[in-house]
Amino acid sequence: MSKKTLFDKVWDAHVVSTIENGPQILYIDKHLIHEVTSPQAFNELEDRGISVFRPDQIVATADHNTPTLNQDQPIRDTLSRQQLEQLSINCKKNNITLYELGHKYNGIVHVMAPELGVTQPGMTMVCGDSHTSTHGAFGTIAFGIGTSQVAQVFASQCLLLTKPKSLRVSVNGKLKNGVLPKDVILYIISKLGTNSGTGYFCEYAGNVFEEMSMEGRMTVCNMSIEMGARGGMIAPDETTFEYVKGRKFAPEGEHFEKKVAYWKTLPTDEGASFDMEYSFDAEDIEPMITYGTNPGMGIKISETIPVDENPSFKKSLAYMNFEAGESLINKPINFVFIGSCTNSRIEDFRVAAKYIKGKKKANNVTAWLVPGSKQVEAQIIEEGLKTVFEDAGFELRQPGCSACLAMNDDKIPQGEYCVSTSNRNFEGRQGQGSRTILASPLVAAATAVEGKIIDISKQLN
Amino acid sequence: MEKFTTLQSRTIPLSVENVDTDQIIPARFLKATDRKGFGDNVFRDWRYHKDGTVNTDFVLNDSKYSGSILVAGDNFGCGSSREHAAWAITDFGFKVVVSSFFADIFKGNALNNGLLPVQVSKEFLSDLLQQIESNPQTELTVNLIDQTISVNDSDLSEDFEIDAYKKTCLINGYDDIDYLLSKKAEIEAFEQQSV
Ligand code: SF4
């Protein structure tokens, strides 16, 4: 029998048929939707007079466009309000479960679905959102799709796709103190570049990922798209099974045991081959930070900005108002954002709270802590972290995408720097003219306390 | 979907690399619930200054250039999956985007909206951009049937790749939904067997 990768096994199990000289029809187990990329797909179906094929395989949430304050009150922005209303109407009409604003299960789609046990190993999952790659942490083939494809899945629960090539990124060794999953993925992207993964589906392997919590694995897989890969996966193991067990939509009892037995067959066979492989030493990784306008433009905090004559590189530095060769240590920072589907899970807030406890936020800093879901928010309160944050002068907001894409009112002002735990530092991503510096929740917390960028490893050691 | 076979047009050169979908259509313009009108805000923050005045330095505002072919730098369309990026580009009037590299999701979205992404070699792209900048009147012919892109009145020309299935769809104006709906029975049989 030929040796298969984790990706091959899951993919092959979902192929309905193959078009000669063309794509394959891939069956989709779970379809997640939100307010921004679904309305046009519902319209499309209506225009064609067709109904949603498998409504019970769809889960909807409102996240991109929701306010993070006063969620119990009507939304002031007319267009945002209409978009949410449209989602409610569409879900109702088509019998789709919606966890709307204020619901105890509401949250960022990539935080709430794993939390509810919707995400399970061996599945195929899609969402009209590029960070759907997050769910790959469970050994799931999960990827972002465009709205036309959302309509295709509505209509047929399938997509027409050409099987991507396979890529494996291994990281082995022992991570240094203060190096978080976010640093691992920022490091990988800084080494490989933003389009190294295009055309590939990535598997992360090695003891570093095996030892990570599910939260950490989700942070890593989340950013697969930032190196161009459609998705990233990590083989399911005991950590995965433990996480899934007992969640709302997880299989129960004997059914669960049967599933686990199947999930155990999924990891890549010894000797299976990949189209491309990279490997890194854990010891080489340090706390990371970005200095430019794409996630590949990252350095260790202890390093200086590289020198490069490429015009796009220079344009990017000019936007950031940084100089080639410069160090970012001691740069004053006025905004800090801890949130987004990359880093808004309970672990991220625990890390931040542990650092912040007993310290005070710097006066110049506006810091927004935005939980990924209502459940995370509840846990923050239950574990007493909210008190830690408030004592230190931080503002805990209500769940949503928030300043990650600044569609709502949470915008970073023109020209200001924001140290952010999100995933994209594109021009204007966090508000027109804003300048984003990507980092881990630990680096973000330290920046908020100091009011400037510091070399966190020095402080820890 | 509109059919596509060949196109002859002048071009607009955007020689910037890594153009991401947040530049193509900033998030604050994603609140509409239909597909129309996104062209007004394509490349919004490059076309206009923050105070709303026109940025005359930006190529889309340069009257020297016109046409329905956008020629862009490497790694075009990276970032979010928002199909609004493809809608904005087509709504503005483009039918073809040329680059040396396209991000996956953007490429798929473009094809699903009758916008043809033509991937060329880095050398060809750089010659092409030079040619357009030295002569803004430059016309291109994009022939989907033969899979060629050529500069009119010159010998600058290159073949490009496209998935055979997608090519057929574009030429005939079919889309994936039509095809998938015709396979319902097979899909249902698959569901039965995999439970
Ligand atoms: S948090 Fe940011 S990246 Fe994640 S789904 Fe929301 S907008 Fe997209």
# chains A, B, ... in the order shown; residues from 1 in each chain; ligands from 1
>>> closest_atom_pairs(of="chain A", to="ligand 1", cutoff="8 Å", atoms="only C-alpha atoms and all ligand atoms", output="CSV")
residue,atom,partner,partner_atom_place_in_ligand_line,distance
A:Asp63,CA,ligand 1,6 (Fe),6.7
A:His64,CA,ligand 1,6 (Fe),5.4
A:Ile108,CA,ligand 1,6 (Fe),6.0
A:Val109,CA,ligand 1,5 (S),6.5
A:His110,CA,ligand 1,5 (S),6.6
A:Asp129,CA,ligand 1,5 (S),6.3
A:Ser130,CA,ligand 1,8 (Fe),7.1
A:His131,CA,ligand 1,3 (S),5.8
A:Thr132,CA,ligand 1,5 (S),7.8
A:Gly339,CA,ligand 1,1 (S),7.3
A:Ser340,CA,ligand 1,1 (S),3.6
A:Cys341,CA,ligand 1,4 (Fe),4.1
A:Thr342,CA,ligand 1,4 (Fe),6.6
A:Gly372,CA,ligand 1,1 (S),7.8
A:Gly400,CA,ligand 1,1 (S),7.0
A:Cys401,CA,ligand 1,1 (S),4.0
A:Ser402,CA,ligand 1,1 (S),7.1
A:Ala403,CA,ligand 1,2 (Fe),7.8
A:Cys404,CA,ligand 1,2 (Fe),4.5
A:Leu405,CA,ligand 1,7 (S),5.0
A:Ser422,CA,ligand 1,2 (Fe),6.6
A:Asn423,CA,ligand 1,3 (S),6.3
A:Arg424,CA,ligand 1,3 (S),7.5
>>> closest_atom_pairs(of="chain B", to="chain A", cutoff="7 Å", atoms="only C-alpha atoms", output="JSON lines")
{"residue": "B:Val16", "atom": "CA", "partner": "A:Ser312", "partner_atom": "CA", "distance": 6.2}
{"residue": "B:Glu17", "atom": "CA", "partner": "A:Ser312", "partner_atom": "CA", "distance": 5.9}
{"residue": "B:Asp22", "atom": "CA", "partner": "A:Arg429", "partner_atom": "CA", "distance": 6.6}
{"residue": "B:Ala27", "atom": "CA", "partner": "A:Met407", "partner_atom": "CA", "distance": 5.7}
{"residue": "B:Arg28", "atom": "CA", "partner": "A:Met407", "partner_atom": "CA", "distance": 5.0}
{"residue": "B:Leu30", "atom": "CA", "partner": "A:Val36", "partner_atom": "CA", "distance": 6.7}
{"residue": "B:Lys31", "atom": "CA", "partner": "A:Leu79", "partner_atom": "CA", "distance": 5.9}
{"residue": "B:Thr33", "atom": "CA", "partner": "A:Pro39", "partner_atom": "CA", "distance": 5.3}
{"residue": "B:Asp34", "atom": "CA", "partner": "A:Gln40", "partner_atom": "CA", "distance": 5.3}
{"residue": "B:Arg35", "atom": "CA", "partner": "A:Gln40", "partner_atom": "CA", "distance": 6.4}
{"residue": "B:Asn75", "atom": "CA", "partner": "A:Asn195", "partner_atom": "CA", "distance": 6.9}
{"residue": "B:Ser80", "atom": "CA", "partner": "A:Ser130", "partner_atom": "CA", "distance": 5.3}
{"residue": "B:Ser81", "atom": "CA", "partner": "A:Ser130", "partner_atom": "CA", "distance": 4.9}
{"residue": "B:Arg82", "atom": "CA", "partner": "A:Gly146", "partner_atom": "CA", "distance": 6.1}
{"residue": "B:Glu83", "atom": "CA", "partner": "A:Gly146", "partner_atom": "CA", "distance": 5.1}
{"residue": "B:Ala103", "atom": "CA", "partner": "A:Thr198", "partner_atom": "CA", "distance": 6.4}
{"residue": "B:Asp104", "atom": "CA", "partner": "A:Thr198", "partner_atom": "CA", "distance": 6.3}
{"residue": "B:Ile105", "atom": "CA", "partner": "A:Ile145", "partner_atom": "CA", "distance": 6.7}
{"residue": "B:Asn109", "atom": "CA", "partner": "A:Gly146", "partner_atom": "CA", "distance": 5.8}
{"residue": "B:Asn112", "atom": "CA", "partner": "A:Ser148", "partner_atom": "CA", "distance": 6.6}
{"residue": "B:Ala164", "atom": "CA", "partner": "A:Gly22", "partner_atom": "CA", "distance": 6.3}
{"residue": "B:Tyr165", "atom": "CA", "partner": "A:Gly22", "partner_atom": "CA", "distance": 5.2}
{"residue": "B:Ile177", "atom": "CA", "partner": "A:Gln152", "partner_atom": "CA", "distance": 5.4}
{"residue": "B:Leu180", "atom": "CA", "partner": "A:Ser156", "partner_atom": "CA", "distance": 6.3}
{"residue": "B:Leu181", "atom": "CA", "partner": "A:Ser156", "partner_atom": "CA", "distance": 6.5}
{"residue": "B:Lys184", "atom": "CA", "partner": "A:Ser156", "partner_atom": "CA", "distance": 6.9}
{"residue": "B:Ile187", "atom": "CA", "partner": "A:Val16", "partner_atom": "CA", "distance": 6.4}
{"residue": "B:Phe190", "atom": "CA", "partner": "A:Val16", "partner_atom": "CA", "distance": 6.1}
>>> write_last_selection(atoms="C-alpha atoms", output="PDB file, in the first residue's frame")
ATOM      1  CA  VAL B  16       3.855  47.172  -6.848  1.00  0.00           C
ATOM      2  CA  GLU B  17       4.570  43.725  -5.383  1.00  0.00           C
ATOM      3  CA  ASP B  22      -6.932  45.029   1.917  1.00  0.00           C
ATOM      4  CA  ALA B  27     -12.446  46.312   4.958  1.00  0.00           C
ATOM      5  CA  ARG B  28     -14.534  49.354   5.741  1.00  0.00           C
ATOM      6  CA  LEU B  30     -17.276  45.419   2.835  1.00  0.00           C
ATOM      7  CA  LYS B  31     -20.574  46.214   4.447  1.00  0.00           C
ATOM      8  CA  THR B  33     -24.818  42.891   0.874  1.00  0.00           C
ATOM      9  CA  ASP B  34     -24.805  42.768  -2.925  1.00  0.00           C
ATOM     10  CA  ARG B  35     -22.007  42.473  -5.474  1.00  0.00           C
ATOM     11  CA  ASN B  75       2.226  38.027  -5.656  1.00  0.00           C
ATOM     12  CA  SER B  80      -8.027  37.769   2.824  1.00  0.00           C
ATOM     13  CA  SER B  81     -10.489  35.596   0.917  1.00  0.00           C
ATOM     14  CA  ARG B  82     -12.847  38.503   0.258  1.00  0.00           C
ATOM     15  CA  GLU B  83     -14.287  37.998  -3.197  1.00  0.00           C
ATOM     16  CA  ALA B 103      -2.344  34.205  -4.455  1.00  0.00           C
ATOM     17  CA  ASP B 104      -4.502  31.045  -4.588  1.00  0.00           C
ATOM     18  CA  ILE B 105      -7.795  32.322  -3.254  1.00  0.00           C
ATOM     19  CA  ASN B 109     -12.261  34.171  -7.006  1.00  0.00           C
ATOM     20  CA  ASN B 112     -15.344  32.518 -10.695  1.00  0.00           C
ATOM     21  CA  ALA B 164      -8.383  23.075 -18.654  1.00  0.00           C
ATOM     22  CA  TYR B 165     -11.686  22.898 -16.799  1.00  0.00           C
ATOM     23  CA  ILE B 177     -22.642  25.761  -9.484  1.00  0.00           C
ATOM     24  CA  LEU B 180     -22.161  20.720  -9.187  1.00  0.00           C
ATOM     25  CA  LEU B 181     -25.941  20.785  -9.428  1.00  0.00           C
ATOM     26  CA  LYS B 184     -26.452  15.915  -7.122  1.00  0.00           C
ATOM     27  CA  ILE B 187     -23.092  13.582  -4.157  1.00  0.00           C
ATOM     28  CA  PHE B 190     -21.364   9.619  -1.592  1.00  0.00           C
TER      29      PHE B 190
END
>>> closest_residue(among="B:Asp91, B:Asp74, B:Asp20, B:Asp146", to="Asp159 in chain B", atoms="only C-alpha atoms")
B:Asp146
>>> residues_around(residues="Ala378 in chain A", least_positions_apart="6", cutoff="12 Å", atoms="only C-alpha atoms", output="VMD selection string")
chain A and resid 104 to 107 345 to 346 371 to 372 384 to 386 396 to 399
>>> residues_around(residues="Pro287 in chain A", least_positions_apart="3", cutoff="8 Å", atoms="only C-alpha atoms", output="list in words")
Gly178, Val179, Leu180, Asp183, Lys300, Ile301, Ala439, Ser440, Val443, Ile456 and Ser457 of chain A
>>> write_last_selection(atoms="C-alpha atoms", output="PDB file, in the first residue's frame")
ATOM      1  CA  GLY A 178       9.256  33.459  26.357  1.00  0.00           C
ATOM      2  CA  VAL A 179       8.945  31.966  22.863  1.00  0.00           C
ATOM      3  CA  LEU A 180       5.265  31.354  22.149  1.00  0.00           C
ATOM      4  CA  ASP A 183       6.773  33.483  17.568  1.00  0.00           C
ATOM      5  CA  LYS A 300      13.701  38.672  16.274  1.00  0.00           C
ATOM      6  CA  ILE A 301      13.163  41.587  18.645  1.00  0.00           C
ATOM      7  CA  ALA A 439       3.734  40.019  17.985  1.00  0.00           C
ATOM      8  CA  SER A 440       2.811  37.409  20.585  1.00  0.00           C
ATOM      9  CA  VAL A 443       5.263  40.871  23.736  1.00  0.00           C
ATOM     10  CA  ILE A 456      11.365  40.575  26.420  1.00  0.00           C
ATOM     11  CA  SER A 457      13.933  37.779  26.471  1.00  0.00           C
TER      12      SER A 457
END
>>> select_by_dssp(residues="range 62-131 of chain B", states="alpha helix (DSSP H)", output="ChimeraX atom specification")
/B:84-92,104-111,122-131
>>> write_last_selection(atoms="C-alpha atoms", output="compact mmCIF listing (two decimals), in the first residue's frame")
# COMPACT_ATOMS: atom_id res chain seq x y z
CA HIS B 84 -15.11 41.70 -2.98
CA ALA B 85 -11.56 42.20 -4.31
CA ALA B 86 -12.42 40.43 -7.56
CA TRP B 87 -15.80 42.21 -7.70
CA ALA B 88 -14.14 45.60 -7.20
CA ILE B 89 -11.63 44.98 -9.97
CA THR B 90 -14.24 43.78 -12.46
CA ASP B 91 -16.71 46.47 -11.42
CA PHE B 92 -14.04 49.08 -12.18
CA ASP B 104 -4.50 31.04 -4.59
CA ILE B 105 -7.80 32.32 -3.25
CA PHE B 106 -7.71 35.48 -5.34
CA LYS B 107 -7.03 33.46 -8.46
CA GLY B 108 -10.02 31.22 -7.79
CA ASN B 109 -12.26 34.17 -7.01
CA ALA B 110 -11.20 35.95 -10.19
CA LEU B 111 -11.95 32.91 -12.33
CA LYS B 122 9.13 37.58 -14.07
CA GLU B 123 11.20 38.55 -17.13
CA PHE B 124 8.14 39.01 -19.31
CA LEU B 125 6.45 41.06 -16.61
CA SER B 126 9.40 43.35 -16.21
CA ASP B 127 9.75 43.83 -20.01
CA LEU B 128 6.04 44.46 -20.23
CA LEU B 129 6.01 47.05 -17.45
CA GLN B 130 8.95 48.82 -19.06
CA GLN B 131 7.26 48.81 -22.43
>>> atom_distance(atom1="CA of Val150 in chain A", atom2="CA of Lys30 in chain A")
11.7 Å
>>> atom_distance(atom1="CA of Thr421 in chain A", atom2="CA of Ile338 in chain A")
5.3 Å
>>> select_by_dssp(residues="range 82-117 of chain B", states="strand (DSSP E or B)", output="list in words")
Val96, Val97, Val98, Ser99, Phe102, Leu116 and Pro117 of chain B
>>> decode(residues="range 24-66 of chain B", atoms="N, CA and C atoms", output="PDB file, in the first residue's frame")
ATOM      1  N   ILE B  24      -6.758  46.336  -2.294  1.00  0.00           N
ATOM      2  CA  ILE B  24      -7.688  46.295  -3.418  1.00  0.00           C
ATOM      3  C   ILE B  24      -9.052  46.835  -2.980  1.00  0.00           C
ATOM      4  N   ILE B  25      -9.512  46.364  -1.821  1.00  0.00           N
ATOM      5  CA  ILE B  25     -10.772  46.891  -1.280  1.00  0.00           C
ATOM      6  C   ILE B  25     -10.693  46.869   0.254  1.00  0.00           C
ATOM      7  N   PRO B  26     -10.483  48.028   0.868  1.00  0.00           N
ATOM      8  CA  PRO B  26     -10.333  48.080   2.327  1.00  0.00           C
ATOM      9  C   PRO B  26     -11.581  47.562   3.047  1.00  0.00           C
ATOM     10  N   ALA B  27     -11.369  46.978   4.217  1.00  0.00           N
ATOM     11  CA  ALA B  27     -12.446  46.312   4.958  1.00  0.00           C
ATOM     12  C   ALA B  27     -13.647  47.210   5.215  1.00  0.00           C
ATOM     13  N   ARG B  28     -13.393  48.489   5.385  1.00  0.00           N
ATOM     14  CA  ARG B  28     -14.534  49.354   5.741  1.00  0.00           C
ATOM     15  C   ARG B  28     -15.568  49.463   4.615  1.00  0.00           C
ATOM     16  N   PHE B  29     -15.205  48.989   3.434  1.00  0.00           N
ATOM     17  CA  PHE B  29     -16.179  49.017   2.322  1.00  0.00           C
ATOM     18  C   PHE B  29     -16.849  47.663   2.084  1.00  0.00           C
ATOM     19  N   LEU B  30     -16.720  46.764   3.044  1.00  0.00           N
ATOM     20  CA  LEU B  30     -17.276  45.419   2.835  1.00  0.00           C
ATOM     21  C   LEU B  30     -18.668  45.249   3.416  1.00  0.00           C
ATOM     22  N   LYS B  31     -19.299  46.349   3.741  1.00  0.00           N
ATOM     23  CA  LYS B  31     -20.574  46.214   4.447  1.00  0.00           C
ATOM     24  C   LYS B  31     -21.774  46.000   3.536  1.00  0.00           C
ATOM     25  N   ALA B  32     -21.575  46.157   2.242  1.00  0.00           N
ATOM     26  CA  ALA B  32     -22.694  45.989   1.308  1.00  0.00           C
ATOM     27  C   ALA B  32     -23.093  44.524   1.230  1.00  0.00           C
ATOM     28  N   THR B  33     -24.361  44.272   0.941  1.00  0.00           N
ATOM     29  CA  THR B  33     -24.818  42.891   0.874  1.00  0.00           C
ATOM     30  C   THR B  33     -25.109  42.441  -0.555  1.00  0.00           C
ATOM     31  N   ASP B  34     -24.755  43.277  -1.554  1.00  0.00           N
ATOM     32  CA  ASP B  34     -24.805  42.768  -2.925  1.00  0.00           C
ATOM     33  C   ASP B  34     -23.423  42.915  -3.570  1.00  0.00           C
ATOM     34  N   ARG B  35     -23.325  42.536  -4.853  1.00  0.00           N
ATOM     35  CA  ARG B  35     -22.007  42.473  -5.474  1.00  0.00           C
ATOM     36  C   ARG B  35     -21.616  43.745  -6.215  1.00  0.00           C
ATOM     37  N   LYS B  36     -22.574  44.643  -6.361  1.00  0.00           N
ATOM     38  CA  LYS B  36     -22.362  45.792  -7.259  1.00  0.00           C
ATOM     39  C   LYS B  36     -21.720  46.978  -6.549  1.00  0.00           C
ATOM     40  N   GLY B  37     -21.055  47.800  -7.321  1.00  0.00           N
ATOM     41  CA  GLY B  37     -20.614  49.094  -6.821  1.00  0.00           C
ATOM     42  C   GLY B  37     -19.261  49.124  -6.126  1.00  0.00           C
ATOM     43  N   PHE B  38     -18.614  47.965  -5.966  1.00  0.00           N
ATOM     44  CA  PHE B  38     -17.332  47.949  -5.257  1.00  0.00           C
ATOM     45  C   PHE B  38     -16.219  48.659  -6.044  1.00  0.00           C
ATOM     46  N   GLY B  39     -16.440  48.808  -7.375  1.00  0.00           N
ATOM     47  CA  GLY B  39     -15.445  49.483  -8.207  1.00  0.00           C
ATOM     48  C   GLY B  39     -15.160  50.912  -7.759  1.00  0.00           C
ATOM     49  N   ASP B  40     -16.157  51.548  -7.168  1.00  0.00           N
ATOM     50  CA  ASP B  40     -15.950  52.925  -6.697  1.00  0.00           C
ATOM     51  C   ASP B  40     -14.836  53.007  -5.666  1.00  0.00           C
ATOM     52  N   ASN B  41     -14.643  51.934  -4.951  1.00  0.00           N
ATOM     53  CA  ASN B  41     -13.662  51.968  -3.870  1.00  0.00           C
ATOM     54  C   ASN B  41     -12.449  51.081  -4.105  1.00  0.00           C
ATOM     55  N   VAL B  42     -12.270  50.631  -5.345  1.00  0.00           N
ATOM     56  CA  VAL B  42     -11.098  49.796  -5.613  1.00  0.00           C
ATOM     57  C   VAL B  42      -9.826  50.620  -5.389  1.00  0.00           C
ATOM     58  N   PHE B  43      -8.851  50.056  -4.732  1.00  0.00           N
ATOM     59  CA  PHE B  43      -7.589  50.748  -4.390  1.00  0.00           C
ATOM     60  C   PHE B  43      -7.849  52.103  -3.718  1.00  0.00           C
ATOM     61  N   ARG B  44      -8.914  52.158  -2.962  1.00  0.00           N
ATOM     62  CA  ARG B  44      -9.387  53.406  -2.388  1.00  0.00           C
ATOM     63  C   ARG B  44      -8.276  54.237  -1.730  1.00  0.00           C
ATOM     64  N   ASP B  45      -7.479  53.593  -0.871  1.00  0.00           N
ATOM     65  CA  ASP B  45      -6.531  54.383  -0.086  1.00  0.00           C
ATOM     66  C   ASP B  45      -5.283  54.767  -0.880  1.00  0.00           C
ATOM     67  N   TRP B  46      -5.169  54.226  -2.087  1.00  0.00           N
ATOM     68  CA  TRP B  46      -4.097  54.672  -2.982  1.00  0.00           C
ATOM     69  C   TRP B  46      -4.632  55.721  -3.953  1.00  0.00           C
ATOM     70  N   ARG B  47      -5.909  55.613  -4.286  1.00  0.00           N
ATOM     71  CA  ARG B  47      -6.486  56.563  -5.248  1.00  0.00           C
ATOM     72  C   ARG B  47      -6.798  57.915  -4.624  1.00  0.00           C
ATOM     73  N   TYR B  48      -7.154  57.890  -3.334  1.00  0.00           N
ATOM     74  CA  TYR B  48      -7.534  59.129  -2.669  1.00  0.00           C
ATOM     75  C   TYR B  48      -6.683  59.351  -1.433  1.00  0.00           C
ATOM     76  N   HIS B  49      -6.403  60.633  -1.139  1.00  0.00           N
ATOM     77  CA  HIS B  49      -5.773  60.977   0.132  1.00  0.00           C
ATOM     78  C   HIS B  49      -6.812  60.850   1.232  1.00  0.00           C
ATOM     79  N   LYS B  50      -6.321  60.877   2.466  1.00  0.00           N
ATOM     80  CA  LYS B  50      -7.235  60.707   3.593  1.00  0.00           C
ATOM     81  C   LYS B  50      -8.332  61.781   3.610  1.00  0.00           C
ATOM     82  N   ASP B  51      -8.005  63.006   3.143  1.00  0.00           N
ATOM     83  CA  ASP B  51      -9.008  64.080   3.148  1.00  0.00           C
ATOM     84  C   ASP B  51      -9.977  63.971   1.964  1.00  0.00           C
ATOM     85  N   GLY B  52      -9.862  62.892   1.184  1.00  0.00           N
ATOM     86  CA  GLY B  52     -10.822  62.676   0.103  1.00  0.00           C
ATOM     87  C   GLY B  52     -10.377  63.246  -1.243  1.00  0.00           C
ATOM     88  N   THR B  53      -9.266  64.011  -1.256  1.00  0.00           N
ATOM     89  CA  THR B  53      -8.787  64.548  -2.530  1.00  0.00           C
ATOM     90  C   THR B  53      -8.092  63.440  -3.330  1.00  0.00           C
ATOM     91  N   VAL B  54      -8.091  63.613  -4.655  1.00  0.00           N
ATOM     92  CA  VAL B  54      -7.532  62.595  -5.546  1.00  0.00           C
ATOM     93  C   VAL B  54      -6.003  62.592  -5.472  1.00  0.00           C
ATOM     94  N   ASN B  55      -5.435  61.394  -5.352  1.00  0.00           N
ATOM     95  CA  ASN B  55      -3.974  61.269  -5.367  1.00  0.00           C
ATOM     96  C   ASN B  55      -3.513  61.170  -6.823  1.00  0.00           C
ATOM     97  N   THR B  56      -3.056  62.267  -7.354  1.00  0.00           N
ATOM     98  CA  THR B  56      -2.727  62.310  -8.784  1.00  0.00           C
ATOM     99  C   THR B  56      -1.492  61.474  -9.113  1.00  0.00           C
ATOM    100  N   ASP B  57      -0.730  61.091  -8.084  1.00  0.00           N
ATOM    101  CA  ASP B  57       0.454  60.256  -8.335  1.00  0.00           C
ATOM    102  C   ASP B  57       0.090  58.801  -8.606  1.00  0.00           C
ATOM    103  N   PHE B  58      -1.124  58.393  -8.264  1.00  0.00           N
ATOM    104  CA  PHE B  58      -1.461  56.983  -8.400  1.00  0.00           C
ATOM    105  C   PHE B  58      -1.889  56.677  -9.834  1.00  0.00           C
ATOM    106  N   VAL B  59      -1.413  55.542 -10.307  1.00  0.00           N
ATOM    107  CA  VAL B  59      -1.541  55.214 -11.725  1.00  0.00           C
ATOM    108  C   VAL B  59      -2.991  55.176 -12.242  1.00  0.00           C
ATOM    109  N   LEU B  60      -3.936  54.779 -11.375  1.00  0.00           N
ATOM    110  CA  LEU B  60      -5.325  54.743 -11.830  1.00  0.00           C
ATOM    111  C   LEU B  60      -5.886  56.148 -12.083  1.00  0.00           C
ATOM    112  N   ASN B  61      -5.188  57.140 -11.529  1.00  0.00           N
ATOM    113  CA  ASN B  61      -5.637  58.522 -11.731  1.00  0.00           C
ATOM    114  C   ASN B  61      -4.808  59.226 -12.801  1.00  0.00           C
ATOM    115  N   ASP B  62      -3.962  58.491 -13.487  1.00  0.00           N
ATOM    116  CA  ASP B  62      -3.075  59.079 -14.479  1.00  0.00           C
ATOM    117  C   ASP B  62      -3.727  58.905 -15.857  1.00  0.00           C
ATOM    118  N   SER B  63      -4.113  60.025 -16.464  1.00  0.00           N
ATOM    119  CA  SER B  63      -4.891  59.940 -17.716  1.00  0.00           C
ATOM    120  C   SER B  63      -4.086  59.359 -18.878  1.00  0.00           C
ATOM    121  N   LYS B  64      -2.750  59.261 -18.700  1.00  0.00           N
ATOM    122  CA  LYS B  64      -1.926  58.615 -19.730  1.00  0.00           C
ATOM    123  C   LYS B  64      -2.373  57.184 -19.976  1.00  0.00           C
ATOM    124  N   TYR B  65      -2.842  56.547 -18.886  1.00  0.00           N
ATOM    125  CA  TYR B  65      -3.141  55.116 -18.966  1.00  0.00           C
ATOM    126  C   TYR B  65      -4.641  54.844 -18.971  1.00  0.00           C
ATOM    127  N   SER B  66      -5.021  53.829 -19.721  1.00  0.00           N
ATOM    128  CA  SER B  66      -6.418  53.396 -19.675  1.00  0.00           C
ATOM    129  C   SER B  66      -6.477  51.950 -20.140  1.00  0.00           C
TER     130      SER B  66
END
